[in-house]
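Enquirer: This is the structure, below, for whatever I ask next.
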Amino acid sequence: MSEPAKAPEPTKPAEEAKISPAELKKRAKAEKQARRAAQKGDQGDAEAPPAPFTNGVPEEQQAQKQSGPQDSKPKGGQTKSQQQQKQGKPGAQEGKHERRGSQAQPLAMRPKVVQTAPPKEEARKNSKQVELFSHLYTQPRRHDISGATKDVHPAIVALGFQMSSYEICGSSARCVALLVAFKEVIQAYTTPSATSLARNLTSHYLSPQIDFLKSCRPISESMGNAIRWLKKLIAEIDPSTPEQEAKDYLCDEIDRFIRERITVTDQAIASLASGLIKNGSVILTYAKSSIVEKTILQAYANGTRFRVIVVDSRPLFEGKSLATSLMRSGLEVEYLPFSGITHAVKSATLVLLGAHSMLSNGRLQSRVGTAALAMQAHKADIPVIVCCESVKFSGKVALDSIVLNEVAPPEELLPPRVAPSQPPTTDRKDEGDDEESKVKTLHDWQDIAGLQILNLMYDVTPAEYIRMVICEYGNVPPSSVPVVHRLANESM
């Protein structure tokens, strides 16, 4: 008797050959999602997270509605597709894959994560720098020599500390002090072998000195023009010139620059501007400018009798030294705070202002507060005269005080500390009460959230507020500043 014929078992490779690669990819993706759902289900039993929502309905309720009471989960956490694959059912191998999440099982939703502010946003909120002027916060002012290179000359170190502490203040004074210090630096320089003074002095010796000065305080426009002039002069030296002869030549040219571009220029400007002061005039000025001081003293020495009003402001109070100097010379001086500019303008007949820089669009960059004073004088139809040397003329253009400016340490604006009038009590209270009873002052601004202090050094005065600019080339309108700047650079 023959044995019953056995049904041929289907071969696995033949069946898999009937399934396309796309269907295999879908099947693998479905199995992966099933494993993730099983793992999250185990974690949910231990941590019990809030049930995820799909389209505003809890996933469990949506799964029950979709699967119905007859749909039950197979044992062992295996899905229907997995059992069909193990049992070799034709339905599973023909690629008829059920969409998971709608018929068999809903897709697992990621738990909702509370968005927290990134570290940069948090640091920006806690920063004490004003974001609008963040480009001006290059580095804190240097008050010691730590971190400086060994090539920095002692004269440059002393000059940097004097500028950062305002012992040397004013654009012209800083420019003269810079050039005098450079004379010592040049005389102490020794040219290395296999090179020349013209190639090595600027890049390897002067550059560290300039970088150190910039770290103490940003250089002024007059200092920048003087540095560019000196670099050009060094580059023009013949390499065959003996070293000592070249150094003596540079020092003589520095002396000539100081004499012609600053000293004699100030005298010429003072002579021109003093002619505008008449008997009985009331001269209004702001803060302190060395050229304005020379102009007033020159007019007084010529026999003109007039009165001077000095408006001053925190934190430098430069007008105090100007008022003291004029009073010692015998002039009648009235000293007012910045809040009194409206009163000062009522009696003034002429406004004399100094300059930190004259920009190419005719605007004046000077000590912060100058623009407000010029605006008040313009409204009262009082002429505003700016006294400025051409070495302070700039090729830059600015429409506001944001792009080109200098940020001083905010601690300079803090009022002096006042000793407490009552002695501290000896009774001890709860720590919470002590913290609440403490009244924070402006000196605690670092600990007060949302409080930032901005100490700008300069502002920009529009050209329409300025009647005339007096320089060594004569009396020129603000629109002629770029022409004078070009002539001055050609003569250097």
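Ordered as shown in the structure tokens, chains take letters A, B, and onward, while each chain numbers its residues from 1 and ligands are numbered from 1 in the order shown.
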A:Tyr300: which residues within 9 Å, counting only C-alpha atoms, same-chain residues fewer than 6 positions away excluded, as a PyMOL selection string?
Expert: chain A and resi 274+306+329-331
Enquirer: Can I get the selected residues back with N, CA and C atoms, as a JSON list (two decimals), in the first residue's frame?
Expert:
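Saved to result-v3.json:
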[["chain", "number", "residue", "atom", "x", "y", "z"],
["A", 274, "SER", "N", 37.62, 133.74, 17.89],
["A", 274, "SER", "CA", 37.52, 134.83, 18.88],
["A", 274, "SER", "C", 36.97, 136.10, 18.26],
["A", 306, "PHE", "N", 32.69, 139.76, 28.02],
["A", 306, "PHE", "CA", 31.52, 138.92, 27.77],
["A", 306, "PHE", "C", 31.35, 137.95, 28.95],
["A", 329, "SER", "N", 41.08, 133.11, 35.22],
["A", 329, "SER", "CA", 41.57, 134.10, 34.26],
["A", 329, "SER", "C", 40.81, 135.42, 34.35],
["A", 330, "GLY", "N", 39.77, 135.48, 35.18],
["A", 330, "GLY", "CA", 39.04, 136.72, 35.40],
["A", 330, "GLY", "C", 37.72, 136.81, 34.68],
["A", 331, "LEU", "N", 37.28, 135.77, 34.04],
["A", 331, "LEU", "CA", 36.01, 135.80, 33.31],
["A", 331, "LEU", "C", 34.84, 135.55, 34.24]]
Enquirer: Quick one: residues within 10 Å of stretch 458-464 of chain A, only C-alpha atoms, excluding same-chain residues fewer than 6 positions away - as a VMD selection string?
Expert: chain A and resid 355 to 359 361 to 375 378 398 to 402 404 to 407 477 to 479
Enquirer: Considering only helix (DSSP H, G or I) as DSSP defines it on the backbone, what residues of stretch 121-166 of chain A qualify? List them as a CSV table (one decimal) with all heavy atoms, in the first residue's frame.
Expert:
chain,number,residue,atom,x,y,z
A,121,GLU,N,19.3,82.1,24.5
A,121,GLU,CA,18.2,83.0,24.8
A,121,GLU,C,18.3,83.3,26.3
A,121,GLU,O,18.1,84.5,26.7
A,121,GLU,CB,16.9,82.4,24.5
A,121,GLU,CG,16.6,82.3,23.0
A,121,GLU,CD,16.5,83.6,22.3
A,121,GLU,OE1,16.1,84.6,23.0
A,121,GLU,OE2,16.8,83.7,21.1
A,122,GLU,N,18.6,82.3,27.1
A,122,GLU,CA,18.7,82.5,28.6
A,122,GLU,C,19.8,83.4,28.9
A,122,GLU,O,19.7,84.3,29.8
A,122,GLU,CB,18.8,81.2,29.3
A,122,GLU,CG,18.5,81.2,30.8
A,122,GLU,CD,17.0,81.5,31.0
A,122,GLU,OE1,16.2,81.1,30.2
A,122,GLU,OE2,16.7,82.0,32.1
A,123,ALA,N,21.0,83.2,28.3
A,123,ALA,CA,22.1,84.1,28.5
A,123,ALA,C,21.8,85.5,28.1
A,123,ALA,O,22.3,86.5,28.7
A,123,ALA,CB,23.3,83.6,27.8
A,124,ARG,N,21.1,85.7,27.0
A,124,ARG,CA,20.7,87.0,26.5
A,124,ARG,C,19.8,87.7,27.5
A,124,ARG,O,20.0,88.9,27.7
A,124,ARG,CB,20.1,86.9,25.1
A,124,ARG,CG,19.8,88.3,24.5
A,124,ARG,CD,19.1,88.1,23.1
A,124,ARG,NE,19.9,87.3,22.2
A,124,ARG,CZ,19.5,86.9,21.0
A,124,ARG,NH1,18.3,87.3,20.6
A,124,ARG,NH2,20.3,86.3,20.2
A,125,LYS,N,18.9,87.0,28.1
A,125,LYS,CA,18.0,87.6,29.1
A,125,LYS,C,18.8,88.1,30.3
A,125,LYS,O,18.5,89.1,30.9
A,125,LYS,CB,16.9,86.7,29.5
A,125,LYS,CG,15.9,86.4,28.4
A,125,LYS,CD,14.8,85.5,28.8
A,125,LYS,CE,13.8,85.2,27.7
A,125,LYS,NZ,12.7,84.3,28.2
A,126,ASN,N,19.8,87.3,30.7
A,126,ASN,CA,20.5,87.6,31.9
A,126,ASN,C,21.7,88.5,31.7
A,126,ASN,O,22.4,89.0,32.6
A,126,ASN,CB,21.1,86.3,32.6
A,126,ASN,CG,19.9,85.4,33.0
A,126,ASN,OD1,18.9,85.9,33.4
A,126,ASN,ND2,20.2,84.1,33.0
A,131,GLU,N,21.4,95.1,24.0
A,131,GLU,CA,21.6,94.4,22.8
A,131,GLU,C,21.7,95.3,21.6
A,131,GLU,O,22.4,94.9,20.6
A,131,GLU,CB,20.3,93.5,22.6
A,131,GLU,CG,20.5,92.5,21.4
A,131,GLU,CD,19.3,91.5,21.3
A,131,GLU,OE1,18.4,91.6,22.2
A,131,GLU,OE2,19.3,90.7,20.4
A,132,LEU,N,21.1,96.4,21.6
A,132,LEU,CA,21.2,97.3,20.4
A,132,LEU,C,22.6,97.8,20.2
A,132,LEU,O,23.0,98.1,19.1
A,132,LEU,CB,20.3,98.5,20.6
A,132,LEU,CG,20.2,99.6,19.5
A,132,LEU,CD1,19.7,98.9,18.2
A,132,LEU,CD2,19.3,100.8,19.9
A,133,PHE,N,23.4,97.9,21.3
A,133,PHE,CA,24.8,98.4,21.2
A,133,PHE,C,25.8,97.2,21.5
A,133,PHE,O,26.9,97.5,21.9
A,133,PHE,CB,25.0,99.5,22.2
A,133,PHE,CG,24.2,100.7,22.0
A,133,PHE,CD1,22.9,100.9,22.5
A,133,PHE,CD2,24.7,101.7,21.2
A,133,PHE,CE1,22.2,102.0,22.3
A,133,PHE,CE2,23.9,102.9,21.0
A,133,PHE,CZ,22.7,103.0,21.5
A,134,SER,N,25.3,96.0,21.2
A,134,SER,CA,26.2,94.8,21.5
A,134,SER,C,27.5,94.9,20.7
A,134,SER,O,28.5,94.3,21.1
A,134,SER,CB,25.4,93.5,21.2
A,134,SER,OG,25.0,93.5,19.9
A,135,HIS,N,27.5,95.5,19.5
A,135,HIS,CA,28.7,95.5,18.7
A,135,HIS,C,29.8,96.4,19.3
A,135,HIS,O,30.9,96.4,18.8
A,135,HIS,CB,28.4,96.0,17.3
A,135,HIS,CG,27.7,97.4,17.3
A,135,HIS,ND1,26.4,97.6,17.6
A,135,HIS,CD2,28.2,98.6,16.9
A,135,HIS,CE1,26.2,98.9,17.5
A,135,HIS,NE2,27.2,99.5,17.1
A,136,LEU,N,29.4,97.3,20.2
A,136,LEU,CA,30.3,98.2,20.9
A,136,LEU,C,31.0,97.6,22.1
A,136,LEU,O,32.0,98.1,22.6
A,136,LEU,CB,29.7,99.5,21.3
A,136,LEU,CG,29.0,100.3,20.1
A,136,LEU,CD1,28.3,101.5,20.6
A,136,LEU,CD2,30.1,100.7,19.1
A,154,PRO,N,57.1,100.5,27.9
A,154,PRO,CA,56.6,101.1,29.1
A,154,PRO,C,55.9,102.5,28.9
A,154,PRO,O,54.9,102.8,29.6
A,154,PRO,CB,57.8,101.3,30.0
A,154,PRO,CG,58.8,100.3,29.5
A,154,PRO,CD,58.5,100.1,28.0
A,155,ALA,N,56.3,103.2,27.9
A,155,ALA,CA,55.6,104.5,27.7
A,155,ALA,C,54.2,104.3,27.2
A,155,ALA,O,53.3,105.0,27.5
A,155,ALA,CB,56.4,105.3,26.7
A,156,ILE,N,54.0,103.2,26.4
A,156,ILE,CA,52.7,102.9,25.9
A,156,ILE,C,51.8,102.4,27.0
A,156,ILE,O,50.6,102.6,27.1
A,156,ILE,CB,52.8,101.8,24.7
A,156,ILE,CG1,53.6,102.4,23.6
A,156,ILE,CG2,51.4,101.4,24.3
A,156,ILE,CD1,52.9,103.6,22.9
A,157,VAL,N,52.4,101.6,27.9
A,157,VAL,CA,51.6,101.1,29.1
A,157,VAL,C,51.1,102.2,29.9
A,157,VAL,O,49.9,102.3,30.3
A,157,VAL,CB,52.5,100.1,29.9
A,157,VAL,CG1,51.8,99.7,31.2
A,157,VAL,CG2,52.8,98.9,29.1
A,158,ALA,N,52.0,103.2,30.2
A,158,ALA,CA,51.6,104.3,31.0
A,158,ALA,C,50.5,105.2,30.3
A,158,ALA,O,49.5,105.6,30.9
A,158,ALA,CB,52.8,105.2,31.3
A,159,LEU,N,50.7,105.3,29.0
A,159,LEU,CA,49.7,106.1,28.2
A,159,LEU,C,48.3,105.4,28.2
A,159,LEU,O,47.3,106.0,28.4
A,159,LEU,CB,50.2,106.3,26.8
A,159,LEU,CG,49.2,107.0,25.8
A,159,LEU,CD1,48.8,108.4,26.3
A,159,LEU,CD2,49.7,107.0,24.4
A,160,GLY,N,48.3,104.1,28.1
A,160,GLY,CA,47.1,103.3,28.1
A,160,GLY,C,46.3,103.5,29.4
A,160,GLY,O,45.1,103.7,29.4
A,161,PHE,N,47.0,103.4,30.5
A,161,PHE,CA,46.4,103.5,31.8
A,161,PHE,C,45.9,104.9,32.0
A,161,PHE,O,44.8,105.1,32.7
A,161,PHE,CB,47.3,103.1,32.9
A,161,PHE,CG,47.7,101.6,32.9
A,161,PHE,CD1,48.8,101.1,33.5
A,161,PHE,CD2,46.9,100.7,32.2
A,161,PHE,CE1,49.1,99.8,33.4
A,161,PHE,CE2,47.2,99.4,32.2
A,161,PHE,CZ,48.3,98.9,32.8
A,162,GLN,N,46.6,105.9,31.5
A,162,GLN,CA,46.2,107.3,31.7
A,162,GLN,C,44.9,107.6,30.9
A,162,GLN,O,44.0,108.3,31.3
A,162,GLN,CB,47.3,108.2,31.3
A,162,GLN,CG,48.4,108.3,32.3
A,162,GLN,CD,49.6,109.1,31.7
A,162,GLN,OE1,49.8,109.3,30.5
A,162,GLN,NE2,50.4,109.6,32.6
A,163,MET,N,44.8,106.9,29.7
A,163,MET,CA,43.6,107.1,28.9
A,163,MET,C,42.4,106.4,29.5
A,163,MET,O,41.3,106.9,29.5
A,163,MET,CB,43.8,106.7,27.5
A,163,MET,CG,44.8,107.5,26.7
A,163,MET,SD,44.7,107.2,24.9
A,163,MET,CE,45.0,105.4,24.9
A,164,SER,N,42.6,105.2,30.0
A,164,SER,CA,41.5,104.4,30.6
A,164,SER,C,41.0,105.1,31.9
A,164,SER,O,39.8,104.9,32.2
A,164,SER,CB,41.9,103.0,30.8
A,164,SER,OG,43.0,103.0,31.8
Enquirer: I'd like the neighbourhood of A:Tyr286 as a list in words, where a residue qualifies if any of its atoms comes within 9 Å (using only C-alpha atoms), though same-chain residues fewer than 6 positions away should be ignored.
Expert: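 Within the cut-off, the hits are Ile309, Val310, Val311, Asp312, Ser313, Glu318, Gly319, Phe338, Val351, Leu352, Leu353, Gly354, Arg367, Gly369, Thr370 and Leu373 of chain A.
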Enquirer: If we count only C-alpha atoms, what is near A:Thr263 at a cut-off of 12 Å, once residues fewer than 4 positions away on the same chain are taken out, given as a VMD selection string?
Expert: chain A and resid 172 to 173 175 to 176 255 to 259 267 to 270 290 to 291 294 389 391 472
